[in-house]
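Trainee: Take a look at protein03.json, JSON, C-alpha atoms and all ligand atoms:
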```json
[["chain", "number", "residue", "atom", "x", "y", "z"],
["A", 1, "MET", "CA", 105.82, 127.03, 15.13],
["A", 2, "THR", "CA", 105.10, 123.89, 17.13],
["A", 3, "ASP", "CA", 106.47, 124.18, 20.69],
["A", 4, "ARG", "CA", 108.03, 121.21, 22.39],
["A", 5, "TYR", "CA", 107.30, 120.03, 25.95],
["A", 6, "ALA", "CA", 107.94, 116.78, 27.82],
["A", 7, "VAL", "CA", 107.81, 114.94, 31.10],
["A", 8, "ILE", "CA", 111.15, 113.70, 32.40],
["A", 9, "GLY", "CA", 111.65, 110.97, 35.00],
["A", 10, "ASN", "CA", 112.98, 107.48, 35.69],
["A", 11, "PRO", "CA", 111.01, 105.28, 35.17],
["A", 12, "ILE", "CA", 108.74, 107.13, 32.76],
["A", 13, "ALA", "CA", 106.93, 104.58, 30.57],
["A", 14, "HIS", "CA", 103.88, 104.53, 32.89],
["A", 15, "SER", "CA", 103.40, 108.32, 32.82],
["A", 16, "LYS", "CA", 99.95, 109.61, 31.90],
["A", 17, "SER", "CA", 101.25, 113.15, 31.35],
["A", 18, "PRO", "CA", 101.66, 112.83, 27.52],
["A", 19, "LEU", "CA", 98.00, 111.75, 27.26],
["A", 20, "ILE", "CA", 96.82, 114.56, 29.52],
["A", 21, "HIS", "CA", 98.77, 117.32, 27.77],
["A", 22, "ALA", "CA", 97.78, 116.06, 24.32],
["A", 23, "ALA", "CA", 94.15, 116.31, 25.42],
["A", 24, "PHE", "CA", 94.74, 119.83, 26.80],
["A", 25, "ALA", "CA", 96.43, 120.94, 23.55],
["A", 26, "ARG", "CA", 93.55, 119.62, 21.41],
["A", 27, "GLN", "CA", 90.97, 121.24, 23.64],
["A", 28, "THR", "CA", 92.65, 124.68, 23.72],
["A", 29, "GLY", "CA", 93.94, 124.65, 20.13],
["A", 30, "GLN", "CA", 97.55, 125.12, 21.27],
["A", 31, "ASP", "CA", 100.24, 124.09, 18.80],
["A", 32, "LEU", "CA", 102.56, 121.88, 20.81],
["A", 33, "THR", "CA", 104.04, 118.41, 21.17],
["A", 34, "TYR", "CA", 104.55, 116.60, 24.47],
["A", 35, "GLU", "CA", 106.77, 113.57, 24.86],
["A", 36, "ALA", "CA", 108.16, 111.38, 27.66],
["A", 37, "ILE", "CA", 111.90, 111.43, 28.37],
["A", 38, "LEU", "CA", 113.70, 108.73, 30.34],
["A", 39, "ALA", "CA", 116.71, 110.40, 31.98],
["A", 40, "PRO", "CA", 119.57, 108.33, 33.38],
["A", 41, "LEU", "CA", 119.61, 108.45, 37.19],
["A", 42, "ASP", "CA", 122.98, 110.22, 37.12],
["A", 43, "GLY", "CA", 122.28, 112.36, 34.07],
["A", 44, "PHE", "CA", 119.25, 114.54, 34.78],
["A", 45, "ALA", "CA", 120.84, 117.99, 34.35],
["A", 46, "GLU", "CA", 122.55, 117.00, 31.10],
["A", 47, "ARG", "CA", 119.32, 115.62, 29.64],
["A", 48, "VAL", "CA", 117.42, 118.78, 30.62],
["A", 49, "GLU", "CA", 120.07, 120.97, 28.99],
["A", 50, "LYS", "CA", 119.96, 118.89, 25.79],
["A", 51, "PHE", "CA", 116.19, 119.36, 25.59],
["A", 52, "ARG", "CA", 116.52, 123.08, 26.28],
["A", 53, "VAL", "CA", 119.21, 123.78, 23.63],
["A", 54, "GLU", "CA", 117.18, 121.81, 21.10],
["A", 55, "GLY", "CA", 114.47, 124.45, 21.60],
["A", 56, "GLY", "CA", 112.27, 122.74, 24.24],
["A", 57, "LYS", "CA", 109.99, 125.20, 26.03],
["A", 58, "GLY", "CA", 109.20, 123.37, 29.24],
["A", 59, "LEU", "CA", 109.36, 120.14, 31.23],
["A", 60, "ASN", "CA", 107.32, 118.38, 33.84],
["A", 61, "VAL", "CA", 109.61, 116.64, 36.30],
["A", 62, "THR", "CA", 108.71, 113.46, 38.12],
["A", 63, "VAL", "CA", 110.30, 110.87, 40.42],
["A", 64, "PRO", "CA", 113.14, 110.92, 41.36],
["A", 65, "PHE", "CA", 114.26, 114.29, 40.00],
["A", 66, "LYS", "CA", 112.06, 116.92, 41.69],
["A", 67, "VAL", "CA", 114.74, 118.04, 44.15],
["A", 68, "GLU", "CA", 117.42, 118.12, 41.41],
["A", 69, "ALA", "CA", 115.09, 120.25, 39.31],
["A", 70, "TRP", "CA", 114.67, 122.61, 42.26],
["A", 71, "ARG", "CA", 118.46, 123.03, 42.41],
["A", 72, "LEU", "CA", 118.77, 123.44, 38.65],
["A", 73, "ALA", "CA", 116.21, 126.24, 38.28],
["A", 74, "SER", "CA", 117.70, 129.73, 38.03],
["A", 75, "GLN", "CA", 114.50, 131.30, 39.36],
["A", 76, "LEU", "CA", 111.82, 129.82, 41.63],
["A", 77, "THR", "CA", 108.20, 130.61, 42.37],
["A", 78, "GLU", "CA", 107.45, 131.07, 46.08],
["A", 79, "ARG", "CA", 105.59, 127.78, 46.26],
["A", 80, "ALA", "CA", 108.52, 125.91, 44.67],
["A", 81, "ARG", "CA", 111.00, 127.61, 46.98],
["A", 82, "LEU", "CA", 109.07, 126.44, 50.04],
["A", 83, "ALA", "CA", 108.39, 122.99, 48.63],
["A", 84, "GLN", "CA", 112.12, 122.54, 47.94],
["A", 85, "ALA", "CA", 110.98, 120.57, 44.93],
["A", 86, "VAL", "CA", 110.09, 121.47, 41.34],
["A", 87, "ASN", "CA", 107.66, 119.59, 39.11],
["A", 88, "THR", "CA", 107.50, 122.17, 36.29],
["A", 89, "LEU", "CA", 110.33, 123.92, 34.43],
["A", 90, "LYS", "CA", 109.77, 126.75, 31.97],
["A", 91, "PHE", "CA", 112.58, 127.80, 29.64],
["A", 92, "GLU", "CA", 112.36, 131.53, 29.02],
["A", 93, "ALA", "CA", 113.74, 133.35, 25.96],
["A", 94, "ASP", "CA", 116.38, 135.11, 28.12],
["A", 95, "ASP", "CA", 117.75, 131.71, 29.27],
["A", 96, "THR", "CA", 116.03, 131.90, 32.66],
["A", 97, "ILE", "CA", 115.00, 128.45, 33.87],
["A", 98, "LEU", "CA", 111.88, 129.04, 35.94],
["A", 99, "GLY", "CA", 111.03, 126.32, 38.47],
["A", 100, "ASP", "CA", 107.50, 125.94, 39.79],
["A", 101, "ASN", "CA", 105.68, 123.35, 41.86],
["A", 102, "THR", "CA", 102.07, 122.84, 40.82],
["A", 103, "ASP", "CA", 101.37, 119.75, 42.96],
["A", 104, "GLY", "CA", 99.80, 121.61, 45.87],
["A", 105, "ALA", "CA", 97.69, 123.82, 43.65],
["A", 106, "GLY", "CA", 96.55, 120.66, 41.86],
["A", 107, "LEU", "CA", 95.56, 119.00, 45.13],
["A", 108, "VAL", "CA", 93.72, 122.09, 46.38],
["A", 109, "ARG", "CA", 91.90, 122.49, 43.08],
["A", 110, "ASP", "CA", 90.84, 118.82, 43.10],
["A", 111, "LEU", "CA", 89.60, 119.09, 46.68],
["A", 112, "ILE", "CA", 87.68, 122.33, 46.22],
["A", 113, "HIS", "CA", 86.41, 122.22, 42.63],
["A", 114, "ASN", "CA", 86.08, 118.54, 41.84],
["A", 115, "LEU", "CA", 85.23, 117.14, 45.27],
["A", 116, "GLY", "CA", 83.35, 120.18, 46.60],
["A", 117, "CYS", "CA", 85.42, 120.26, 49.77],
["A", 118, "ALA", "CA", 86.20, 123.84, 50.85],
["A", 119, "LEU", "CA", 89.17, 123.94, 53.24],
["A", 120, "GLN", "CA", 88.60, 127.20, 55.06],
["A", 121, "GLY", "CA", 87.97, 126.57, 58.77],
["A", 122, "LYS", "CA", 88.59, 122.82, 58.36],
["A", 123, "ARG", "CA", 90.83, 120.57, 60.44],
["A", 124, "ILE", "CA", 93.37, 118.94, 58.10],
["A", 125, "LEU", "CA", 95.58, 115.98, 58.89],
["A", 126, "LEU", "CA", 98.56, 115.67, 56.54],
["A", 127, "MET", "CA", 100.24, 112.27, 56.74],
["A", 128, "GLY", "CA", 103.93, 112.23, 55.78],
["A", 129, "ALA", "CA", 106.79, 114.70, 55.94],
["A", 130, "GLY", "CA", 108.69, 113.87, 52.75],
["A", 131, "GLY", "CA", 108.73, 115.64, 49.40],
["A", 132, "ALA", "CA", 105.08, 114.93, 48.63],
["A", 133, "ALA", "CA", 103.89, 116.48, 51.92],
["A", 134, "ARG", "CA", 106.22, 119.45, 51.68],
["A", 135, "GLY", "CA", 105.01, 120.17, 48.14],
["A", 136, "VAL", "CA", 101.39, 120.66, 49.19],
["A", 137, "LEU", "CA", 101.79, 122.46, 52.54],
["A", 138, "LEU", "CA", 101.77, 126.11, 51.44],
["A", 139, "PRO", "CA", 98.79, 125.83, 49.07],
["A", 140, "LEU", "CA", 96.84, 124.00, 51.80],
["A", 141, "LEU", "CA", 97.67, 126.68, 54.37],
["A", 142, "GLU", "CA", 96.66, 129.43, 51.96],
["A", 143, "GLN", "CA", 93.14, 128.04, 52.16],
["A", 144, "GLN", "CA", 93.05, 129.01, 55.85],
["A", 145, "PRO", "CA", 92.23, 125.75, 57.58],
["A", 146, "VAL", "CA", 91.69, 126.18, 61.32],
["A", 147, "ALA", "CA", 94.25, 123.43, 62.06],
["A", 148, "LEU", "CA", 96.81, 121.51, 60.02],
["A", 149, "PHE", "CA", 98.47, 118.61, 61.80],
["A", 150, "ILE", "CA", 101.54, 117.05, 60.14],
["A", 151, "VAL", "CA", 101.87, 113.47, 61.34],
["A", 152, "ASN", "CA", 104.87, 111.32, 60.49],
["A", 153, "ARG", "CA", 106.27, 107.90, 61.38],
["A", 154, "THR", "CA", 109.50, 109.73, 62.19],
["A", 155, "PRO", "CA", 108.05, 112.64, 64.20],
["A", 156, "ALA", "CA", 111.28, 114.70, 64.10],
["A", 157, "LYS", "CA", 110.74, 115.23, 60.36],
["A", 158, "ALA", "CA", 107.21, 116.48, 60.99],
["A", 159, "HIS", "CA", 108.53, 118.92, 63.60],
["A", 160, "GLU", "CA", 111.18, 120.15, 61.16],
["A", 161, "LEU", "CA", 108.51, 120.92, 58.60],
["A", 162, "GLN", "CA", 106.40, 122.65, 61.23],
["A", 163, "GLN", "CA", 109.35, 124.90, 62.04],
["A", 164, "GLN", "CA", 109.78, 125.88, 58.41],
["A", 165, "PHE", "CA", 106.16, 126.95, 58.34],
["A", 166, "SER", "CA", 106.21, 128.60, 61.78],
["A", 167, "ALA", "CA", 104.64, 131.73, 60.29],
["A", 168, "TYR", "CA", 101.42, 129.70, 60.26],
["A", 169, "SER", "CA", 100.26, 129.25, 63.84],
["A", 170, "GLN", "CA", 97.72, 126.59, 62.93],
["A", 171, "VAL", "CA", 100.43, 124.06, 62.01],
["A", 172, "GLU", "CA", 100.99, 121.28, 64.54],
["A", 173, "ALA", "CA", 103.21, 118.24, 64.25],
["A", 174, "GLY", "CA", 103.65, 114.92, 65.95],
["A", 175, "SER", "CA", 103.45, 111.16, 65.90],
["A", 176, "TYR", "CA", 100.54, 108.83, 65.14],
["A", 177, "GLN", "CA", 100.18, 108.27, 68.91],
["A", 178, "ASP", "CA", 99.45, 111.99, 69.31],
["A", 179, "LEU", "CA", 96.31, 111.56, 67.20],
["A", 180, "ALA", "CA", 94.35, 109.63, 69.83],
["A", 181, "GLU", "CA", 91.06, 111.41, 70.61],
["A", 182, "ARG", "CA", 91.52, 113.82, 67.69],
["A", 183, "GLN", "CA", 89.26, 114.14, 64.67],
["A", 184, "PHE", "CA", 89.87, 115.73, 61.28],
["A", 185, "ASP", "CA", 87.61, 116.90, 58.47],
["A", 186, "VAL", "CA", 90.20, 116.16, 55.78],
["A", 187, "VAL", "CA", 92.86, 113.44, 56.03],
["A", 188, "ILE", "CA", 95.46, 113.48, 53.25],
["A", 189, "ASN", "CA", 97.86, 110.60, 52.71],
["A", 190, "ALA", "CA", 101.12, 112.08, 51.41],
["A", 191, "THR", "CA", 103.17, 109.08, 52.54],
["A", 192, "SER", "CA", 104.49, 106.43, 50.19],
["A", 193, "SER", "CA", 102.93, 103.71, 52.37],
["A", 194, "GLY", "CA", 100.54, 102.67, 49.59],
["A", 195, "LEU", "CA", 103.44, 101.57, 47.40],
["A", 196, "SER", "CA", 104.28, 98.82, 49.90],
["A", 197, "ASP", "CA", 100.62, 98.10, 50.72],
["A", 198, "GLU", "CA", 101.12, 99.35, 54.26],
["A", 199, "LEU", "CA", 98.79, 101.31, 56.51],
["A", 200, "PRO", "CA", 100.15, 104.08, 58.75],
["A", 201, "PRO", "CA", 98.84, 103.51, 62.33],
["A", 202, "LEU", "CA", 95.86, 105.89, 62.29],
["A", 203, "PRO", "CA", 93.46, 105.73, 65.25],
["A", 204, "PRO", "CA", 90.02, 104.38, 64.27],
["A", 205, "GLY", "CA", 88.15, 107.56, 65.23],
["A", 206, "VAL", "CA", 90.27, 109.92, 63.13],
["A", 207, "PHE", "CA", 87.54, 110.92, 60.65],
["A", 208, "ALA", "CA", 85.05, 113.59, 61.70],
["A", 209, "ALA", "CA", 81.45, 113.21, 60.55],
["A", 210, "ASP", "CA", 81.51, 114.15, 56.82],
["A", 211, "GLY", "CA", 85.27, 113.51, 56.87],
["A", 212, "LEU", "CA", 87.12, 113.21, 53.59],
["A", 213, "ALA", "CA", 90.00, 110.81, 52.94],
["A", 214, "TYR", "CA", 92.42, 111.80, 50.17],
["A", 215, "GLU", "CA", 95.03, 109.35, 48.88],
["A", 216, "MET", "CA", 97.65, 111.17, 46.81],
["A", 217, "MET", "CA", 98.49, 107.98, 44.90],
["A", 218, "TYR", "CA", 96.26, 106.77, 42.10],
["A", 219, "GLY", "CA", 95.64, 103.56, 40.24],
["A", 220, "ARG", "CA", 95.22, 101.27, 43.23],
["A", 221, "ASP", "CA", 92.96, 100.82, 46.22],
["A", 222, "THR", "CA", 95.46, 101.40, 49.02],
["A", 223, "PRO", "CA", 95.21, 100.20, 52.65],
["A", 224, "PHE", "CA", 94.53, 103.84, 53.62],
["A", 225, "MET", "CA", 91.50, 103.97, 51.30],
["A", 226, "LYS", "CA", 90.22, 100.66, 52.72],
["A", 227, "PHE", "CA", 90.75, 101.96, 56.26],
["A", 228, "ALA", "CA", 88.83, 105.16, 55.43],
["A", 229, "ARG", "CA", 85.93, 103.12, 54.02],
["A", 230, "GLU", "CA", 85.78, 100.99, 57.16],
["A", 231, "HIS", "CA", 86.13, 103.89, 59.63],
["A", 232, "GLY", "CA", 83.46, 106.32, 58.60],
["A", 233, "ALA", "CA", 85.00, 108.63, 56.00],
["A", 234, "ALA", "CA", 82.11, 110.17, 54.07],
["A", 235, "CYS", "CA", 84.15, 110.70, 50.90],
["A", 236, "ILE", "CA", 87.22, 108.84, 49.61],
["A", 237, "ALA", "CA", 89.33, 110.09, 46.71],
["A", 238, "ASP", "CA", 92.52, 108.96, 45.02],
["A", 239, "GLY", "CA", 95.10, 111.25, 43.42],
["A", 240, "LEU", "CA", 93.99, 111.04, 39.79],
["A", 241, "GLY", "CA", 92.21, 114.39, 39.98],
["A", 242, "MET", "CA", 95.32, 115.96, 41.51],
["A", 243, "LEU", "CA", 97.43, 114.53, 38.68],
["A", 244, "VAL", "CA", 95.26, 116.16, 36.03],
["A", 245, "GLU", "CA", 94.93, 119.42, 37.97],
["A", 246, "GLN", "CA", 98.69, 119.80, 38.53],
["A", 247, "ALA", "CA", 99.11, 119.24, 34.78],
["A", 248, "ALA", "CA", 96.51, 121.94, 34.04],
["A", 249, "GLU", "CA", 98.38, 124.32, 36.33],
["A", 250, "ALA", "CA", 101.65, 123.61, 34.46],
["A", 251, "PHE", "CA", 99.87, 124.10, 31.13],
["A", 252, "LEU", "CA", 98.63, 127.48, 32.40],
["A", 253, "LEU", "CA", 102.17, 128.51, 33.38],
["A", 254, "TRP", "CA", 103.52, 127.55, 29.95],
["A", 255, "ARG", "CA", 100.70, 128.65, 27.67],
["A", 256, "GLY", "CA", 98.67, 131.22, 29.61],
["A", 257, "VAL", "CA", 95.48, 129.17, 29.14],
["A", 258, "ARG", "CA", 93.85, 126.96, 31.78],
["A", 259, "PRO", "CA", 92.37, 123.84, 30.19],
["A", 260, "GLU", "CA", 89.12, 122.23, 31.34],
["A", 261, "THR", "CA", 89.92, 119.17, 33.40],
["A", 262, "GLU", "CA", 86.64, 117.40, 34.05],
["A", 263, "ALA", "CA", 86.45, 115.54, 30.75],
["A", 264, "VAL", "CA", 90.12, 114.55, 30.92],
["A", 265, "ILE", "CA", 89.71, 113.14, 34.44],
["A", 266, "GLY", "CA", 86.67, 111.24, 33.17],
["A", 267, "GLN", "CA", 88.63, 109.80, 30.22],
["A", 268, "LEU", "CA", 91.44, 108.61, 32.48],
["A", 269, "ARG", "CA", 89.00, 106.99, 34.91],
["A", 270, "ALA", "CA", 87.33, 105.17, 32.04],
["B", 301, "LIG", "P1", 107.90, 111.37, 48.80],
["B", 301, "LIG", "O1", 108.74, 112.22, 47.90],
["B", 301, "LIG", "O2", 106.95, 110.47, 48.09],
["B", 301, "LIG", "O3", 107.25, 112.18, 49.87],
["B", 301, "LIG", "P2", 109.82, 110.55, 50.73],
["B", 301, "LIG", "O4", 110.39, 111.91, 50.77],
["B", 301, "LIG", "O5", 110.73, 109.36, 50.73],
["B", 301, "LIG", "O6", 108.90, 110.34, 49.47],
["B", 301, "LIG", "O7", 108.82, 110.44, 51.96],
["B", 301, "LIG", "C1", 108.04, 109.31, 52.20],
["B", 301, "LIG", "C2", 107.12, 109.60, 53.36],
["B", 301, "LIG", "O8", 106.23, 108.48, 53.56],
["B", 301, "LIG", "C3", 107.81, 109.84, 54.69],
["B", 301, "LIG", "O9", 107.08, 110.76, 55.43],
["B", 301, "LIG", "C4", 107.75, 108.43, 55.33],
["B", 301, "LIG", "O10", 107.86, 108.42, 56.73],
["B", 301, "LIG", "P3", 109.33, 108.48, 57.43],
["B", 301, "LIG", "O11", 109.77, 109.91, 57.33],
["B", 301, "LIG", "O12", 109.09, 108.04, 58.81],
["B", 301, "LIG", "O13", 110.20, 107.55, 56.64],
["B", 301, "LIG", "C5", 106.37, 108.02, 54.91],
["B", 301, "LIG", "N1", 106.13, 106.57, 54.92],
["B", 301, "LIG", "C6", 106.61, 105.64, 54.06],
["B", 301, "LIG", "N2", 106.15, 104.43, 54.36],
["B", 301, "LIG", "C7", 105.34, 104.56, 55.46],
["B", 301, "LIG", "C8", 104.58, 103.66, 56.26],
["B", 301, "LIG", "N3", 104.52, 102.36, 55.98],
["B", 301, "LIG", "N4", 103.88, 104.16, 57.31],
["B", 301, "LIG", "C9", 103.92, 105.48, 57.59],
["B", 301, "LIG", "N5", 104.64, 106.38, 56.86],
["B", 301, "LIG", "C10", 105.34, 105.94, 55.82]]
```
Can I see the file as structure tokens?
Mentor:
Amino acid sequence: MTDRYAVIGNPIAHSKSPLIHAAFARQTGQDLTYEAILAPLDGFAERVEKFRVEGGKGLNVTVPFKVEAWRLASQLTERARLAQAVNTLKFEADDTILGDNTDGAGLVRDLIHNLGCALQGKRILLMGAGGAARGVLLPLLEQQPVALFIVNRTPAKAHELQQQFSAYSQVEAGSYQDLAERQFDVVINATSSGLSDELPPLPPGVFAADGLAYEMMYGRDTPFMKFAREHGAACIADGLGMLVEQAAEAFLLWRGVRPETEAVIGQLRA
């Protein structure tokens, strides 16, 4: 029987997830369909339930419903629990609604496998303290960086996050002013500053030699990417690889098979 999956969000027309999952299904020979669902802003839970009772097997969840999905899940993976956000729902036969968050795993996989950037022993700067930053913290820390500094425009939010991850002594938090004289091997932009074409106030010497700049957004050359180019980052990446890798991780959770991602990333870039 053909199994049904979808991505749910608002807006949703721009989503590349149906393309990505169709490519994964072809490649792995899995019998499934994958559609895009526009949920009303005040009707997420109802739309999810409709899809589930119709026999849907799983959903990817995107803006602005990741926190609602986290609340709706009846069971959470550890990484989703800590992220306080869910981007993947799996509907089990016993009516369990499993919530997972594959964003961080997708980022880590893109960094390590696609960009050849091992994180162990590295100094990481994570910009932002909202949902996007929270979603990637645990998987980044699991790679054992020597330092992970959370910097945020509103420093109190960075400190709050640091406290939640106090089991990890390498986590620091602060403001952009605190970054003076500091250098990082990997600088990740998990802020939404790119959407408004703004640049967070990074000091010019923030990139170590061989430093990598990672923009979690994709589809546009953001001020952060331009800044990285002009201030000595050796490698600059956007979030397209992360998008495909988080999808592959969701596909693995649903189907037990991990698709190859390289060709799919290549297709999307083309
Ligand atoms: P998301 O789910 O995408 O993380 P969010 O939870 O609204 O969205 O968080 C947005 C993040 O981007 C926040 O860390 C925000 O900083 P504040 O907490 O100070 O608001 C950050 N951000 C947005 N625009 C920014 C800008 N122009 N410069 C620096 N940080 C910015």
Trainee: Give as a PyMOL selection string the residues surrounding ligand LIG 301 (chain B) up to a distance of 9 Å, considering only C-alpha atoms and all ligand atoms.
Mentor: chain A and resi 63-64+66+127-135+151-158+176+189-201
Trainee: Considering only C-alpha atoms, state which residue in the set A:Ala234, A:Ala25, A:Phe184, A:Ile150 is at the smallest distance from Val171 (chain A).
Mentor: A:Ile150
Trainee: For CA of Val187 (chain A) and CA of Ala213 (chain A), determine how far apart the two atoms are, in Å to one decimal place.
Mentor: 5.0 Å
Trainee: Compile a residue-level contact table for region 146-257 of chain A against region 30-54 of chain A at a cut-off of 12 Å, reporting for every qualifying residue the shortest atom pair and its distance in Å to one decimal, with all atoms listed in the file counted, rows ordered by chain and ascending number, as a tab-separated table.
Mentor:
```
residue	atom	partner	partner_atom	distance
A:Ala247	CA	A:Tyr34	CA	12.0
A:Phe251	CA	A:Gln30	CA	10.2
A:Leu252	CA	A:Gln30	CA	11.4
A:Trp254	CA	A:Leu32	CA	10.8
A:Arg255	CA	A:Gln30	CA	8.0
A:Gly256	CA	A:Gln30	CA	10.4
A:Val257	CA	A:Gln30	CA	9.1
```
Trainee: So what do you get for CA of Phe91 (chain A) versus CA of Lys57 (chain A), distance-wise?
Mentor: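 Here the two named atoms are 5.1 Å from each other.
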Trainee: Rank nothing, just name the residue among A:Ala173, A:Ala237, A:Met216, A:Ala118 nearest to His159 (chain A), using only C-alpha atoms.
Mentor: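 Under the stated criterion, the closest residue is A:Ala173.
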Trainee: Taking 4 positions as the minimum chain separation for residues in the same chain, which residues sit within 6 Å of Ala73 (chain A) when counting all atoms listed in the file? Answer as an MDAnalysis selection string.
Mentor: chainID A and resid 97:99
Trainee: Could you save those same residues with C-alpha atoms as a JSON list (two decimals), in the coordinates of the input?
Mentor:
```json
[["chain", "number", "residue", "atom", "x", "y", "z"],
["A", 97, "ILE", "CA", 115.00, 128.45, 33.87],
["A", 98, "LEU", "CA", 111.88, 129.04, 35.94],
["A", 99, "GLY", "CA", 111.03, 126.32, 38.47]]
```
Trainee: Using only C-alpha atoms, find the one residue out of A:Gln164, A:Leu82, A:Val264, A:Gln170 that sits nearest to Ala147 (chain A).
Mentor: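 Closest residue, counting only C-alpha atoms: A:Gln170.
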Trainee: Mind pulling up the distance from CA of His14 (chain A) to CA of Ala69 (chain A)?
Mentor: 20.3 Å
Trainee: Using all atoms listed in the file, which protein or nucleic acid residues come within 12 Å of Glu262 (chain A)? Drop anything in the same chain fewer than 6 positions from it, and give the result as a ChimeraX atom specification.
Mentor: /A:20,23-24,27,109-110,113-115,240-242,244-245,248,268-269
Trainee: Which of these residues is nearest to Val206 (chain A), using all atoms listed in the file: A:Ile112, A:Val67, A:Ile12, A:Ala233?
Mentor: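 Nearest to Val206 (chain A): A:Ala233.
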Trainee: Looking at all atoms listed in the file, which of A:Gly239, A:Gly266, A:Pro11, A:Pro145 is the one that sits closest to Tyr218 (chain A)?
Mentor: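 Residue with the minimum atom-to-atom distance to Tyr218 (chain A): A:Gly239.
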Trainee: Taking all atoms listed in the file into account, name the residue in A:Cys235, A:Leu161, A:Val86, A:Leu179 that is nearest to Leu125 (chain A).
Mentor: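 Nearest to Leu125 (chain A): A:Leu179.
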Trainee: Find the residues around Thr62 (chain A) up to 8 Å (all atoms listed in the file counted), leave out those fewer than 2 positions away in its own chain, and share them as an MDAnalysis selection string.
Mentor: chainID A and resid 7:10 60 64:66 87
